[in-house]
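Enquirer: Handing over model-v7.cif, mmCIF, N, CA and C atoms.
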```cif
data_query
#
loop_
_atom_site.label_atom_id
_atom_site.label_comp_id
_atom_site.auth_asym_id
_atom_site.auth_seq_id
_atom_site.Cartn_x
_atom_site.Cartn_y
_atom_site.Cartn_z
N GLN A 1 19.22 49.49 -36.43
CA GLN A 1 20.16 48.59 -37.08
C GLN A 1 20.43 47.39 -36.18
N VAL A 2 20.45 46.20 -36.76
CA VAL A 2 20.72 44.98 -36.03
C VAL A 2 21.95 44.34 -36.63
N ARG A 3 22.95 44.12 -35.81
CA ARG A 3 24.17 43.47 -36.30
C ARG A 3 24.07 41.97 -36.01
N LEU A 4 24.32 41.17 -37.04
CA LEU A 4 24.25 39.71 -36.93
C LEU A 4 25.63 39.14 -37.23
N VAL A 5 26.10 38.26 -36.37
CA VAL A 5 27.42 37.66 -36.54
C VAL A 5 27.30 36.15 -36.45
N GLU A 6 27.65 35.48 -37.55
CA GLU A 6 27.60 34.02 -37.60
C GLU A 6 28.94 33.44 -37.15
N SER A 7 28.87 32.23 -36.62
CA SER A 7 30.06 31.49 -36.26
C SER A 7 29.75 30.00 -36.32
N GLY A 8 30.81 29.20 -36.27
CA GLY A 8 30.63 27.75 -36.22
C GLY A 8 30.89 27.02 -37.53
N GLY A 9 31.16 27.77 -38.57
CA GLY A 9 31.46 27.12 -39.84
C GLY A 9 32.82 26.44 -39.81
N GLY A 10 33.10 25.67 -40.87
CA GLY A 10 34.39 25.00 -40.94
C GLY A 10 34.37 23.89 -41.96
N LEU A 11 35.38 23.05 -41.87
CA LEU A 11 35.53 21.92 -42.77
C LEU A 11 35.13 20.65 -42.04
N VAL A 12 34.28 19.86 -42.67
CA VAL A 12 33.82 18.61 -42.06
C VAL A 12 33.68 17.56 -43.14
N GLN A 13 33.85 16.31 -42.77
CA GLN A 13 33.68 15.23 -43.72
C GLN A 13 32.20 14.92 -43.93
N ALA A 14 31.89 14.37 -45.07
CA ALA A 14 30.51 13.98 -45.36
C ALA A 14 30.02 13.02 -44.27
N GLY A 15 28.79 13.24 -43.86
CA GLY A 15 28.21 12.46 -42.78
C GLY A 15 28.38 13.08 -41.42
N GLY A 16 29.22 14.10 -41.34
CA GLY A 16 29.48 14.76 -40.07
C GLY A 16 28.45 15.82 -39.73
N SER A 17 28.72 16.53 -38.63
CA SER A 17 27.79 17.54 -38.13
C SER A 17 28.51 18.83 -37.81
N LEU A 18 27.77 19.91 -37.88
CA LEU A 18 28.23 21.22 -37.44
C LEU A 18 27.04 21.95 -36.82
N ARG A 19 27.33 22.84 -35.91
CA ARG A 19 26.29 23.72 -35.39
C ARG A 19 26.72 25.16 -35.62
N LEU A 20 25.92 25.87 -36.38
CA LEU A 20 26.15 27.28 -36.61
C LEU A 20 25.40 28.11 -35.58
N SER A 21 26.00 29.24 -35.24
CA SER A 21 25.36 30.19 -34.33
C SER A 21 25.28 31.54 -35.02
N CYS A 22 24.28 32.28 -34.66
CA CYS A 22 24.14 33.65 -35.15
C CYS A 22 23.75 34.52 -33.97
N ALA A 23 24.67 35.39 -33.58
CA ALA A 23 24.44 36.27 -32.44
C ALA A 23 23.95 37.62 -32.94
N ALA A 24 22.89 38.11 -32.32
CA ALA A 24 22.29 39.38 -32.73
C ALA A 24 22.56 40.46 -31.70
N ALA A 25 23.07 41.59 -32.17
CA ALA A 25 23.31 42.73 -31.29
C ALA A 25 22.09 43.62 -31.32
N THR A 26 21.14 43.31 -30.47
CA THR A 26 19.91 44.09 -30.38
C THR A 26 19.26 43.83 -29.03
N LEU A 27 18.56 44.81 -28.54
CA LEU A 27 17.85 44.65 -27.28
C LEU A 27 16.47 44.05 -27.48
N ALA A 28 16.10 43.87 -28.77
CA ALA A 28 14.74 43.41 -29.08
C ALA A 28 14.76 42.17 -29.96
N PHE A 29 15.65 41.25 -29.66
CA PHE A 29 15.78 40.03 -30.47
C PHE A 29 14.46 39.26 -30.54
N HIS A 30 13.67 39.34 -29.48
CA HIS A 30 12.42 38.62 -29.42
C HIS A 30 11.37 39.17 -30.38
N ASN A 31 11.66 40.29 -31.02
CA ASN A 31 10.74 40.86 -32.00
C ASN A 31 11.04 40.43 -33.42
N TYR A 32 12.04 39.58 -33.59
CA TYR A 32 12.50 39.21 -34.92
C TYR A 32 12.29 37.73 -35.22
N ALA A 33 11.73 37.47 -36.40
CA ALA A 33 11.83 36.13 -36.97
C ALA A 33 13.22 36.00 -37.58
N MET A 34 13.76 34.81 -37.56
CA MET A 34 15.12 34.62 -38.04
C MET A 34 15.15 33.57 -39.14
N GLY A 35 16.06 33.77 -40.07
CA GLY A 35 16.20 32.81 -41.17
C GLY A 35 17.66 32.48 -41.41
N TRP A 36 17.86 31.33 -42.04
CA TRP A 36 19.19 30.92 -42.51
C TRP A 36 19.10 30.70 -44.02
N PHE A 37 20.08 31.24 -44.72
CA PHE A 37 20.20 31.05 -46.16
C PHE A 37 21.62 30.60 -46.46
N ARG A 38 21.82 30.05 -47.63
CA ARG A 38 23.16 29.67 -48.04
C ARG A 38 23.36 29.98 -49.52
N GLN A 39 24.61 30.18 -49.87
CA GLN A 39 24.95 30.44 -51.26
C GLN A 39 26.25 29.76 -51.60
N ALA A 40 26.19 28.89 -52.58
CA ALA A 40 27.37 28.20 -53.08
C ALA A 40 27.91 28.96 -54.27
N PRO A 41 29.19 28.79 -54.58
CA PRO A 41 29.78 29.50 -55.72
C PRO A 41 29.02 29.23 -57.01
N GLY A 42 28.68 30.30 -57.72
CA GLY A 42 28.00 30.15 -58.99
C GLY A 42 26.54 29.81 -58.91
N LYS A 43 26.00 29.78 -57.69
CA LYS A 43 24.58 29.43 -57.51
C LYS A 43 23.84 30.57 -56.83
N GLU A 44 22.52 30.53 -56.96
CA GLU A 44 21.70 31.54 -56.31
C GLU A 44 21.59 31.24 -54.81
N ARG A 45 21.23 32.30 -54.08
CA ARG A 45 21.00 32.14 -52.64
C ARG A 45 19.83 31.18 -52.44
N GLU A 46 19.98 30.30 -51.47
CA GLU A 46 18.99 29.25 -51.22
C GLU A 46 18.50 29.32 -49.78
N PHE A 47 17.20 29.23 -49.61
CA PHE A 47 16.61 29.21 -48.27
C PHE A 47 16.96 27.90 -47.58
N VAL A 48 17.32 28.00 -46.30
CA VAL A 48 17.66 26.81 -45.53
C VAL A 48 16.62 26.56 -44.43
N ALA A 49 16.39 27.57 -43.59
CA ALA A 49 15.48 27.38 -42.46
C ALA A 49 15.05 28.73 -41.92
N ALA A 50 13.91 28.72 -41.22
CA ALA A 50 13.43 29.94 -40.57
C ALA A 50 12.72 29.56 -39.28
N ILE A 51 12.67 30.52 -38.35
CA ILE A 51 12.04 30.27 -37.06
C ILE A 51 11.35 31.54 -36.61
N THR A 52 10.16 31.39 -36.00
CA THR A 52 9.43 32.55 -35.53
C THR A 52 10.08 33.16 -34.30
N TRP A 53 9.58 34.32 -33.90
CA TRP A 53 10.19 35.08 -32.81
C TRP A 53 10.27 34.27 -31.52
N ASN A 54 9.32 33.37 -31.31
CA ASN A 54 9.29 32.60 -30.05
C ASN A 54 9.68 31.14 -30.26
N GLY A 55 10.12 30.79 -31.45
CA GLY A 55 10.50 29.41 -31.72
C GLY A 55 9.33 28.48 -31.90
N GLY A 56 8.13 29.02 -31.98
CA GLY A 56 6.96 28.17 -32.04
C GLY A 56 6.69 27.54 -33.39
N SER A 57 7.30 28.08 -34.42
CA SER A 57 7.08 27.55 -35.77
C SER A 57 8.38 27.63 -36.55
N THR A 58 8.60 26.62 -37.38
CA THR A 58 9.81 26.59 -38.20
C THR A 58 9.46 26.19 -39.63
N HIS A 59 10.34 26.56 -40.54
CA HIS A 59 10.24 26.14 -41.94
C HIS A 59 11.62 25.64 -42.36
N TYR A 60 11.64 24.70 -43.30
CA TYR A 60 12.90 24.18 -43.80
C TYR A 60 12.85 24.06 -45.32
N GLY A 61 14.02 24.26 -45.94
CA GLY A 61 14.13 23.98 -47.35
C GLY A 61 14.07 22.48 -47.59
N ASP A 62 13.60 22.09 -48.75
CA ASP A 62 13.42 20.67 -49.04
C ASP A 62 14.73 19.89 -48.96
N SER A 63 15.83 20.52 -49.33
CA SER A 63 17.10 19.81 -49.38
C SER A 63 17.70 19.54 -48.00
N VAL A 64 17.17 20.18 -46.97
CA VAL A 64 17.75 19.99 -45.63
C VAL A 64 16.76 19.39 -44.64
N LYS A 65 15.52 19.19 -45.04
CA LYS A 65 14.52 18.63 -44.13
C LYS A 65 14.97 17.27 -43.60
N GLY A 66 14.81 17.11 -42.29
CA GLY A 66 15.20 15.86 -41.66
C GLY A 66 16.67 15.80 -41.27
N ARG A 67 17.48 16.75 -41.74
CA ARG A 67 18.91 16.76 -41.41
C ARG A 67 19.30 17.99 -40.59
N PHE A 68 18.65 19.11 -40.85
CA PHE A 68 18.99 20.36 -40.17
C PHE A 68 17.87 20.73 -39.20
N THR A 69 18.26 21.40 -38.10
CA THR A 69 17.30 21.87 -37.12
C THR A 69 17.64 23.30 -36.72
N VAL A 70 16.66 24.19 -36.81
CA VAL A 70 16.85 25.57 -36.40
C VAL A 70 16.24 25.75 -35.01
N SER A 71 16.92 26.52 -34.17
CA SER A 71 16.41 26.81 -32.83
C SER A 71 16.91 28.19 -32.42
N ARG A 72 16.40 28.68 -31.33
CA ARG A 72 16.84 29.99 -30.86
C ARG A 72 16.78 30.06 -29.34
N ASP A 73 17.59 30.96 -28.80
CA ASP A 73 17.61 31.25 -27.38
C ASP A 73 17.48 32.75 -27.24
N ASN A 74 16.30 33.22 -26.94
CA ASN A 74 16.08 34.67 -26.88
C ASN A 74 16.84 35.32 -25.72
N ALA A 75 17.09 34.56 -24.68
CA ALA A 75 17.86 35.12 -23.55
C ALA A 75 19.30 35.39 -23.95
N GLN A 76 19.79 34.64 -24.93
CA GLN A 76 21.17 34.79 -25.41
C GLN A 76 21.24 35.55 -26.73
N ASN A 77 20.08 36.00 -27.24
CA ASN A 77 20.06 36.72 -28.53
C ASN A 77 20.74 35.91 -29.64
N THR A 78 20.48 34.62 -29.67
CA THR A 78 21.19 33.76 -30.60
C THR A 78 20.23 32.77 -31.27
N VAL A 79 20.46 32.56 -32.54
CA VAL A 79 19.76 31.52 -33.28
C VAL A 79 20.79 30.50 -33.75
N TYR A 80 20.38 29.24 -33.78
CA TYR A 80 21.29 28.15 -34.09
C TYR A 80 20.80 27.37 -35.31
N LEU A 81 21.74 26.74 -35.98
CA LEU A 81 21.41 25.81 -37.04
C LEU A 81 22.25 24.56 -36.83
N GLN A 82 21.60 23.50 -36.36
CA GLN A 82 22.25 22.21 -36.19
C GLN A 82 22.17 21.47 -37.50
N MET A 83 23.33 21.11 -38.03
CA MET A 83 23.39 20.45 -39.33
C MET A 83 23.98 19.06 -39.15
N ASN A 84 23.20 18.06 -39.45
CA ASN A 84 23.63 16.67 -39.33
C ASN A 84 23.65 16.00 -40.69
N THR A 85 24.34 14.88 -40.75
CA THR A 85 24.44 14.10 -41.99
C THR A 85 24.79 15.00 -43.17
N LEU A 86 25.82 15.77 -43.00
CA LEU A 86 26.20 16.75 -44.03
C LEU A 86 26.66 16.06 -45.29
N LYS A 87 26.38 16.73 -46.40
CA LYS A 87 26.72 16.22 -47.73
C LYS A 87 27.61 17.24 -48.43
N PRO A 88 28.41 16.81 -49.40
CA PRO A 88 29.24 17.78 -50.13
C PRO A 88 28.40 18.90 -50.75
N GLU A 89 27.20 18.62 -51.15
CA GLU A 89 26.35 19.67 -51.75
C GLU A 89 25.84 20.69 -50.73
N ASP A 90 26.12 20.47 -49.46
CA ASP A 90 25.80 21.47 -48.43
C ASP A 90 26.88 22.55 -48.35
N THR A 91 27.97 22.36 -49.07
CA THR A 91 29.05 23.35 -49.05
C THR A 91 28.56 24.68 -49.57
N ALA A 92 28.74 25.73 -48.75
CA ALA A 92 28.26 27.06 -49.10
C ALA A 92 28.65 28.04 -48.00
N ILE A 93 28.40 29.30 -48.27
CA ILE A 93 28.45 30.31 -47.22
C ILE A 93 27.05 30.40 -46.62
N TYR A 94 26.97 30.25 -45.32
CA TYR A 94 25.69 30.27 -44.62
C TYR A 94 25.53 31.62 -43.91
N SER A 95 24.39 32.25 -44.15
CA SER A 95 24.12 33.57 -43.56
C SER A 95 22.81 33.53 -42.80
N CYS A 96 22.79 34.25 -41.69
CA CYS A 96 21.53 34.40 -40.98
C CYS A 96 20.92 35.76 -41.32
N ALA A 97 19.63 35.85 -41.12
CA ALA A 97 18.90 37.07 -41.46
C ALA A 97 17.79 37.29 -40.45
N ALA A 98 17.42 38.54 -40.24
CA ALA A 98 16.40 38.89 -39.26
C ALA A 98 15.28 39.69 -39.91
N ALA A 99 14.05 39.32 -39.58
CA ALA A 99 12.88 40.03 -40.07
C ALA A 99 12.10 40.57 -38.88
N LEU A 100 11.86 41.87 -38.88
CA LEU A 100 11.17 42.50 -37.76
C LEU A 100 9.68 42.16 -37.84
N THR A 101 9.30 41.07 -37.21
CA THR A 101 7.91 40.66 -37.19
C THR A 101 7.69 39.60 -36.12
N ARG A 102 6.52 39.66 -35.48
CA ARG A 102 6.13 38.61 -34.55
C ARG A 102 4.98 37.79 -35.13
N ILE A 103 4.71 38.04 -36.40
CA ILE A 103 3.71 37.24 -37.10
C ILE A 103 4.38 35.95 -37.58
N THR A 104 3.66 34.85 -37.51
CA THR A 104 4.18 33.60 -38.06
C THR A 104 4.18 33.72 -39.58
N LEU A 105 5.37 33.78 -40.13
CA LEU A 105 5.48 33.95 -41.57
C LEU A 105 5.00 32.71 -42.31
N PRO A 106 4.20 32.90 -43.35
CA PRO A 106 3.86 31.75 -44.19
C PRO A 106 5.11 31.30 -44.93
N GLN A 107 5.10 30.07 -45.40
CA GLN A 107 6.26 29.50 -46.07
C GLN A 107 6.77 30.40 -47.18
N ALA A 108 5.85 30.92 -47.99
CA ALA A 108 6.24 31.71 -49.15
C ALA A 108 7.04 32.95 -48.75
N ALA A 109 6.70 33.52 -47.60
CA ALA A 109 7.42 34.70 -47.12
C ALA A 109 8.73 34.30 -46.47
N ALA A 110 8.72 33.22 -45.72
CA ALA A 110 9.91 32.80 -44.98
C ALA A 110 11.06 32.45 -45.92
N VAL A 111 10.75 31.95 -47.10
CA VAL A 111 11.82 31.50 -48.01
C VAL A 111 12.33 32.63 -48.89
N THR A 112 11.74 33.81 -48.80
CA THR A 112 12.06 34.92 -49.69
C THR A 112 13.06 35.86 -49.04
N PRO A 113 14.24 36.06 -49.61
CA PRO A 113 15.24 36.93 -48.98
C PRO A 113 14.76 38.34 -48.69
N ARG A 114 13.91 38.91 -49.55
CA ARG A 114 13.51 40.30 -49.33
C ARG A 114 12.58 40.46 -48.12
N THR A 115 12.14 39.35 -47.55
CA THR A 115 11.35 39.42 -46.32
C THR A 115 12.17 39.95 -45.15
N TYR A 116 13.49 39.73 -45.21
CA TYR A 116 14.37 39.97 -44.09
C TYR A 116 15.00 41.37 -44.17
N ASP A 117 15.14 41.96 -42.99
CA ASP A 117 15.60 43.34 -42.90
C ASP A 117 17.11 43.45 -42.68
N TYR A 118 17.68 42.47 -42.03
CA TYR A 118 19.11 42.54 -41.70
C TYR A 118 19.77 41.19 -42.01
N TRP A 119 21.06 41.28 -42.37
CA TRP A 119 21.81 40.10 -42.76
C TRP A 119 23.18 40.10 -42.11
N GLY A 120 23.65 38.89 -41.80
CA GLY A 120 25.01 38.75 -41.34
C GLY A 120 25.95 38.58 -42.52
N GLN A 121 27.24 38.52 -42.22
CA GLN A 121 28.27 38.41 -43.27
C GLN A 121 28.43 36.98 -43.77
N GLY A 122 28.03 36.03 -42.95
CA GLY A 122 28.11 34.64 -43.39
C GLY A 122 29.30 33.90 -42.81
N THR A 123 29.18 32.58 -42.80
CA THR A 123 30.26 31.71 -42.36
C THR A 123 30.37 30.55 -43.36
N GLN A 124 31.59 30.19 -43.68
CA GLN A 124 31.83 29.16 -44.69
C GLN A 124 31.68 27.76 -44.09
N VAL A 125 30.92 26.94 -44.78
CA VAL A 125 30.81 25.52 -44.45
C VAL A 125 31.29 24.73 -45.66
N THR A 126 32.26 23.86 -45.42
CA THR A 126 32.81 23.03 -46.49
C THR A 126 32.71 21.58 -46.07
N VAL A 127 32.06 20.77 -46.91
CA VAL A 127 31.88 19.36 -46.62
C VAL A 127 32.67 18.57 -47.66
N SER A 128 33.63 17.80 -47.18
CA SER A 128 34.47 17.01 -48.08
C SER A 128 33.88 15.61 -48.25
N SER A 129 34.11 15.05 -49.43
CA SER A 129 33.56 13.72 -49.72
C SER A 129 34.53 12.62 -49.33
#
```
Take the structure in this file and express it as structure tokens.
Expert:
Amino acid sequence: QVRLVESGGGLVQAGGSLRLSCAAATLAFHNYAMGWFRQAPGKEREFVAAITWNGGSTHYGDSVKGRFTVSRDNAQNTVYLQMNTLKPEDTAIYSCAAALTRITLPQAAAVTPRTYDYWGQGTQVTVSS
């Protein structure tokens, strides 16, 4: 079992920035690919970003490309999501997820929630206009 805890959410004005963190309670964080998803009220879960076990490859959802950056620090068992130029439509609960694999996931797998084995509870991000 891997426990994931997100932090860094909050209220920000449009055009602002936030950095989310996801801390993993595991001794084998380097064995996991990590993903970020979000879900707004009344909408389906949406893929945001993913990163391989070593940070060597990343994927992004079309709506966040060029604005969000995913990174990780395996020494700290933490994955980050830097969110810039935030828009009101970015308002959602953001959750991180872990997939036990050191294979570079193809895009189709990285964007699929069932690829991931463990999920955090999420952190609320609210962007005001």
Enquirer: Counting all atoms listed in the file, which residues of segment 24-52 of chain A fall within 6.5 Å of segment 2-6 of chain A, and what is the closest atom pair for each with its distance in Å at one decimal, ordered by chain and rising number, as a tab-separated table?
Expert:
```
residue	atom	partner	partner_atom	distance
A:Ala24	CA	A:Arg3	C	4.5
A:Ala25	N	A:Arg3	C	4.0
A:Thr26	N	A:Arg3	N	5.7
```
Enquirer: Choose the residue, out of A:Asn77, A:Asn84, A:Thr104, A:Thr115, that has the smallest atom-to-atom separation from His30 of chain A; count all atoms listed in the file.
Expert: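 Closest to His30 of chain A, using all atoms listed in the file: A:Asn77.
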Enquirer: Enumerate, as a list in words, the residues matched when the PyMOL selection byres (((chain A and resi 66 and name CA) around 12) and name CA) is run on the file above.
Expert: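 For this structure, the PyMOL selection byres (((chain A and resi 66 and name CA) around 12) and name CA) resolves to Val48, Ala49, His59, Tyr60, Gly61, Asp62, Ser63, Val64, Lys65, Arg67, Phe68, Thr69, Val70, Gln82, Met83, Asn84, Thr85 and Leu86 of chain A.
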Enquirer: Using all atoms listed in the file, determine which residues lie at most 8 Å from Ala50 of chain A, disregarding the query and same-chain residues fewer than 2 positions distant; provide the list as JSON, numbers by chain.
Expert: {"A": [33, 34, 35, 36, 37, 47, 48, 52, 53, 55, 57, 58, 59, 60, 61, 69, 70, 71, 110, 111]}
Enquirer: Mind giving me the straight-line distance from atom CA of Ala92 of chain A to atom CA of Ala75 of chain A in Å, one decimal?
Expert: 28.7 Å
Enquirer: Kindly complete segment 64-76 of chain A to N, CA, C and O atoms; the output should be written as a compact mmCIF listing (two decimals), keeping the file's coordinate frame.
Expert:
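Saved as part_2.txt:
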```txt
# COMPACT_ATOMS: atom_id res chain seq x y z
N VAL A 64 17.17 20.18 -46.97
CA VAL A 64 17.75 19.99 -45.63
C VAL A 64 16.76 19.39 -44.64
O VAL A 64 17.14 19.10 -43.49
N LYS A 65 15.52 19.19 -45.04
CA LYS A 65 14.52 18.63 -44.13
C LYS A 65 14.97 17.27 -43.60
O LYS A 65 15.45 16.43 -44.34
N GLY A 66 14.81 17.11 -42.29
CA GLY A 66 15.20 15.86 -41.66
C GLY A 66 16.67 15.80 -41.27
O GLY A 66 17.07 14.89 -40.54
N ARG A 67 17.48 16.75 -41.74
CA ARG A 67 18.91 16.76 -41.41
C ARG A 67 19.30 17.99 -40.59
O ARG A 67 20.20 17.92 -39.76
N PHE A 68 18.65 19.11 -40.85
CA PHE A 68 18.99 20.36 -40.17
C PHE A 68 17.87 20.73 -39.20
O PHE A 68 16.69 20.47 -39.46
N THR A 69 18.26 21.40 -38.10
CA THR A 69 17.30 21.87 -37.12
C THR A 69 17.64 23.30 -36.72
O THR A 69 18.79 23.58 -36.33
N VAL A 70 16.66 24.19 -36.81
CA VAL A 70 16.85 25.57 -36.40
C VAL A 70 16.24 25.75 -35.01
O VAL A 70 15.18 25.19 -34.71
N SER A 71 16.92 26.52 -34.17
CA SER A 71 16.41 26.81 -32.83
C SER A 71 16.91 28.19 -32.42
O SER A 71 17.75 28.79 -33.11
N ARG A 72 16.40 28.68 -31.33
CA ARG A 72 16.84 29.99 -30.86
C ARG A 72 16.78 30.06 -29.34
O ARG A 72 16.01 29.33 -28.71
N ASP A 73 17.59 30.96 -28.80
CA ASP A 73 17.61 31.25 -27.38
C ASP A 73 17.48 32.75 -27.24
O ASP A 73 18.47 33.48 -27.43
N ASN A 74 16.30 33.22 -26.94
CA ASN A 74 16.08 34.67 -26.88
C ASN A 74 16.84 35.32 -25.72
O ASN A 74 17.17 36.49 -25.78
N ALA A 75 17.09 34.56 -24.68
CA ALA A 75 17.86 35.12 -23.55
C ALA A 75 19.30 35.39 -23.95
O ALA A 75 19.96 36.26 -23.37
N GLN A 76 19.79 34.64 -24.93
CA GLN A 76 21.17 34.79 -25.41
C GLN A 76 21.24 35.55 -26.73
O GLN A 76 22.33 35.70 -27.29
```
